[in-house]
Amino acid sequence: MDIHAEEAVVKLILHGGNARKEAYAAIDAAHNYQFEEATALLQKAEVQFLEGHAWQTKLVNRRSSEDALTPTILLVHGQDHLMTAQAELNLAKQIVRQYEKQSELEARIEKLEQQHN
């Protein structure tokens with residue numbers, strides 16, 4: 001693997017890791033009902049994932065050219081890392097939505113309890 005391919009693989013891992021970090025931070029914020037912060041963190045995670053995906057696209061395009069890239073364990077690891085980040089980001093979005101719903105329901109219950117007291 002030449003230096004360009006190694007750089008791309010490192011970018012897959014870097015941006016995938018950054019996306020995962022931001023996604024988990026968004027879950028933590030949502031757990032504390034800080035939904036504006038959670039939304040901002042999910043947006044950062046999405047940007048990081050898209051950066052990684054752009055590098056993956058460069059690698060895939062290179063595979064289809066005359067200067068094809070021979071798959072290596074490192075390349076497979078980088079792509080796996082990025083795709084795992086995508087799955088975790090999608091799951092984080094669902095978890096944040098569930099916390100938002102929980103918050104709404106708790107507010108409704110509290111309002112009903114106050115009306116009955």
# chains A, B, ... in the order shown; residues from 1 in each chain; ligands from 1

$ residues_around --residues "Phe49 (chain A)" --least-positions-apart "2" --cutoff "8 Å" --atoms "only C-alpha atoms" --output "VMD selection string"
chain A and resid 15 to 16 18 to 19 45 to 47 51 to 53 82 85 to 86

$ residues_around --residues "Lys93 (chain A)" --least-positions-apart "3" --cutoff "10 Å" --atoms "only C-alpha atoms" --output "list in words"
Ala23, Tyr24, Ala26, Ile27, Ala38, Thr39, Leu42, Glu88, Leu89, Asn90, Val96, Arg97 and Gln98 of chain A

$ write_last_selection --atoms "N, CA, C and O atoms" --output "CSV table (one decimal), in the first residue's frame"
chain,number,residue,atom,x,y,z
A,23,ALA,N,-21.1,11.0,18.5
A,23,ALA,CA,-22.3,10.4,18.7
A,23,ALA,C,-22.6,10.0,20.1
A,23,ALA,O,-23.7,10.1,20.7
A,24,TYR,N,-21.5,9.4,20.8
A,24,TYR,CA,-21.7,9.0,22.2
A,24,TYR,C,-21.8,10.2,23.1
A,24,TYR,O,-22.6,10.2,24.1
A,26,ALA,N,-23.4,12.9,22.2
A,26,ALA,CA,-24.8,13.3,21.9
A,26,ALA,C,-25.7,12.5,22.8
A,26,ALA,O,-26.7,13.0,23.4
A,27,ILE,N,-25.4,11.2,22.9
A,27,ILE,CA,-26.3,10.4,23.8
A,27,ILE,C,-26.1,10.8,25.2
A,27,ILE,O,-27.2,10.9,26.0
A,38,ALA,N,-27.2,17.9,22.2
A,38,ALA,CA,-27.2,16.6,21.5
A,38,ALA,C,-27.4,16.8,20.0
A,38,ALA,O,-26.7,16.1,19.3
A,39,THR,N,-28.2,17.6,19.6
A,39,THR,CA,-28.4,17.9,18.2
A,39,THR,C,-27.2,18.4,17.5
A,39,THR,O,-26.8,17.9,16.4
A,42,LEU,N,-24.7,15.6,17.2
A,42,LEU,CA,-25.0,14.6,16.1
A,42,LEU,C,-24.7,15.2,14.8
A,42,LEU,O,-24.2,14.5,13.9
A,88,GLU,N,-23.3,3.2,14.4
A,88,GLU,CA,-23.5,3.7,15.8
A,88,GLU,C,-24.1,5.1,15.7
A,88,GLU,O,-24.8,5.5,16.6
A,89,LEU,N,-23.8,5.9,14.7
A,89,LEU,CA,-24.4,7.2,14.5
A,89,LEU,C,-25.9,7.1,14.3
A,89,LEU,O,-26.7,7.8,14.9
A,90,ASN,N,-26.3,6.1,13.5
A,90,ASN,CA,-27.7,5.9,13.3
A,90,ASN,C,-28.4,5.5,14.6
A,90,ASN,O,-29.5,6.0,14.9
A,96,VAL,N,-31.3,9.4,21.0
A,96,VAL,CA,-31.6,10.8,21.3
A,96,VAL,C,-33.1,11.1,21.1
A,96,VAL,O,-33.7,11.7,22.0
A,97,ARG,N,-33.6,10.6,20.0
A,97,ARG,CA,-35.1,10.7,19.8
A,97,ARG,C,-35.9,10.1,21.0
A,97,ARG,O,-36.9,10.7,21.4
A,98,GLN,N,-35.4,9.0,21.5
A,98,GLN,CA,-36.1,8.3,22.6
A,98,GLN,C,-36.1,9.2,23.8
A,98,GLN,O,-37.0,9.3,24.6

$ closest_residue --among "A:Leu69, A:His4, A:Leu41, A:Arg62" --to "Asp28 (chain A)" --atoms "only C-alpha atoms"
A:Leu41

$ closest_residue --among "A:Val9, A:Glu100, A:Leu14, A:Gln56" --to "Thr72 (chain A)" --atoms "only C-alpha atoms"
A:Val9

$ atom_distance --atom1 "CA of Ala87 (chain A)" --atom2 "CA of Ala54 (chain A)"
16.8 Å

$ decode --residues "region 77-106 of chain A" --atoms "N, CA and C atoms" --output "PDB file, in the first residue's frame"
ATOM      1  N   HIS A  77      -9.852  -2.995   7.681  1.00  0.00           N
ATOM      2  CA  HIS A  77     -10.059  -2.472   9.033  1.00  0.00           C
ATOM      3  C   HIS A  77     -10.575  -1.032   8.973  1.00  0.00           C
ATOM      4  N   GLY A  78      -9.977  -0.211   8.131  1.00  0.00           N
ATOM      5  CA  GLY A  78     -10.404   1.182   8.005  1.00  0.00           C
ATOM      6  C   GLY A  78     -11.839   1.299   7.536  1.00  0.00           C
ATOM      7  N   GLN A  79     -12.195   0.514   6.529  1.00  0.00           N
ATOM      8  CA  GLN A  79     -13.564   0.552   6.026  1.00  0.00           C
ATOM      9  C   GLN A  79     -14.550   0.024   7.067  1.00  0.00           C
ATOM     10  N   ASP A  80     -14.161  -1.019   7.774  1.00  0.00           N
ATOM     11  CA  ASP A  80     -15.010  -1.561   8.830  1.00  0.00           C
ATOM     12  C   ASP A  80     -15.223  -0.529   9.933  1.00  0.00           C
ATOM     13  N   HIS A  81     -14.168   0.177  10.280  1.00  0.00           N
ATOM     14  CA  HIS A  81     -14.249   1.202  11.320  1.00  0.00           C
ATOM     15  C   HIS A  81     -15.253   2.290  10.918  1.00  0.00           C
ATOM     16  N   LEU A  82     -15.175   2.731   9.682  1.00  0.00           N
ATOM     17  CA  LEU A  82     -16.077   3.779   9.213  1.00  0.00           C
ATOM     18  C   LEU A  82     -17.522   3.291   9.178  1.00  0.00           C
ATOM     19  N   MET A  83     -17.743   2.078   8.703  1.00  0.00           N
ATOM     20  CA  MET A  83     -19.108   1.566   8.624  1.00  0.00           C
ATOM     21  C   MET A  83     -19.693   1.302  10.015  1.00  0.00           C
ATOM     22  N   THR A  84     -18.846   0.913  10.945  1.00  0.00           N
ATOM     23  CA  THR A  84     -19.312   0.758  12.325  1.00  0.00           C
ATOM     24  C   THR A  84     -19.726   2.112  12.884  1.00  0.00           C
ATOM     25  N   ALA A  85     -18.951   3.138  12.564  1.00  0.00           N
ATOM     26  CA  ALA A  85     -19.293   4.494  13.006  1.00  0.00           C
ATOM     27  C   ALA A  85     -20.651   4.911  12.436  1.00  0.00           C
ATOM     28  N   GLN A  86     -20.917   4.560  11.187  1.00  0.00           N
ATOM     29  CA  GLN A  86     -22.202   4.897  10.584  1.00  0.00           C
ATOM     30  C   GLN A  86     -23.342   4.211  11.339  1.00  0.00           C
ATOM     31  N   ALA A  87     -23.163   2.950  11.648  1.00  0.00           N
ATOM     32  CA  ALA A  87     -24.202   2.220  12.374  1.00  0.00           C
ATOM     33  C   ALA A  87     -24.420   2.822  13.762  1.00  0.00           C
ATOM     34  N   GLU A  88     -23.334   3.163  14.437  1.00  0.00           N
ATOM     35  CA  GLU A  88     -23.454   3.744  15.777  1.00  0.00           C
ATOM     36  C   GLU A  88     -24.074   5.133  15.720  1.00  0.00           C
ATOM     37  N   LEU A  89     -23.763   5.894  14.687  1.00  0.00           N
ATOM     38  CA  LEU A  89     -24.369   7.212  14.524  1.00  0.00           C
ATOM     39  C   LEU A  89     -25.875   7.080  14.324  1.00  0.00           C
ATOM     40  N   ASN A  90     -26.285   6.147  13.485  1.00  0.00           N
ATOM     41  CA  ASN A  90     -27.724   5.923  13.283  1.00  0.00           C
ATOM     42  C   ASN A  90     -28.405   5.511  14.582  1.00  0.00           C
ATOM     43  N   LEU A  91     -27.765   4.656  15.342  1.00  0.00           N
ATOM     44  CA  LEU A  91     -28.322   4.235  16.626  1.00  0.00           C
ATOM     45  C   LEU A  91     -28.376   5.404  17.608  1.00  0.00           C
ATOM     46  N   ALA A  92     -27.337   6.231  17.632  1.00  0.00           N
ATOM     47  CA  ALA A  92     -27.315   7.397  18.525  1.00  0.00           C
ATOM     48  C   ALA A  92     -28.474   8.337  18.212  1.00  0.00           C
ATOM     49  N   LYS A  93     -28.772   8.523  16.941  1.00  0.00           N
ATOM     50  CA  LYS A  93     -29.897   9.378  16.562  1.00  0.00           C
ATOM     51  C   LYS A  93     -31.204   8.833  17.127  1.00  0.00           C
ATOM     52  N   GLN A  94     -31.370   7.523  17.067  1.00  0.00           N
ATOM     53  CA  GLN A  94     -32.575   6.893  17.616  1.00  0.00           C
ATOM     54  C   GLN A  94     -32.647   7.062  19.138  1.00  0.00           C
ATOM     55  N   ILE A  95     -31.520   6.895  19.794  1.00  0.00           N
ATOM     56  CA  ILE A  95     -31.490   7.031  21.256  1.00  0.00           C
ATOM     57  C   ILE A  95     -31.818   8.457  21.671  1.00  0.00           C
ATOM     58  N   VAL A  96     -31.260   9.438  20.965  1.00  0.00           N
ATOM     59  CA  VAL A  96     -31.560  10.837  21.278  1.00  0.00           C
ATOM     60  C   VAL A  96     -33.055  11.092  21.103  1.00  0.00           C
ATOM     61  N   ARG A  97     -33.644  10.583  20.026  1.00  0.00           N
ATOM     62  CA  ARG A  97     -35.090  10.749  19.829  1.00  0.00           C
ATOM     63  C   ARG A  97     -35.888  10.115  20.962  1.00  0.00           C
ATOM     64  N   GLN A  98     -35.432   8.972  21.453  1.00  0.00           N
ATOM     65  CA  GLN A  98     -36.135   8.321  22.560  1.00  0.00           C
ATOM     66  C   GLN A  98     -36.060   9.159  23.840  1.00  0.00           C
ATOM     67  N   TYR A  99     -34.896   9.747  24.087  1.00  0.00           N
ATOM     68  CA  TYR A  99     -34.781  10.635  25.252  1.00  0.00           C
ATOM     69  C   TYR A  99     -35.679  11.856  25.099  1.00  0.00           C
ATOM     70  N   GLU A 100     -35.792  12.395  23.893  1.00  0.00           N
ATOM     71  CA  GLU A 100     -36.686  13.532  23.670  1.00  0.00           C
ATOM     72  C   GLU A 100     -38.132  13.138  23.959  1.00  0.00           C
ATOM     73  N   LYS A 101     -38.508  11.975  23.479  1.00  0.00           N
ATOM     74  CA  LYS A 101     -39.861  11.491  23.729  1.00  0.00           C
ATOM     75  C   LYS A 101     -40.091  11.267  25.224  1.00  0.00           C
ATOM     76  N   GLN A 102     -39.110  10.693  25.887  1.00  0.00           N
ATOM     77  CA  GLN A 102     -39.207  10.476  27.334  1.00  0.00           C
ATOM     78  C   GLN A 102     -39.399  11.797  28.060  1.00  0.00           C
ATOM     79  N   SER A 103     -38.642  12.797  27.668  1.00  0.00           N
ATOM     80  CA  SER A 103     -38.749  14.116  28.289  1.00  0.00           C
ATOM     81  C   SER A 103     -40.148  14.700  28.087  1.00  0.00           C
ATOM     82  N   GLU A 104     -40.661  14.579  26.870  1.00  0.00           N
ATOM     83  CA  GLU A 104     -42.013  15.072  26.584  1.00  0.00           C
ATOM     84  C   GLU A 104     -43.054  14.354  27.431  1.00  0.00           C
ATOM     85  N   LEU A 105     -42.925  13.056  27.540  1.00  0.00           N
ATOM     86  CA  LEU A 105     -43.893  12.280  28.322  1.00  0.00           C
ATOM     87  C   LEU A 105     -43.804  12.621  29.807  1.00  0.00           C
ATOM     88  N   GLU A 106     -42.600  12.799  30.309  1.00  0.00           N
ATOM     89  CA  GLU A 106     -42.441  13.185  31.719  1.00  0.00           C
ATOM     90  C   GLU A 106     -43.090  14.538  31.982  1.00  0.00           C
TER      91      GLU A 106
END
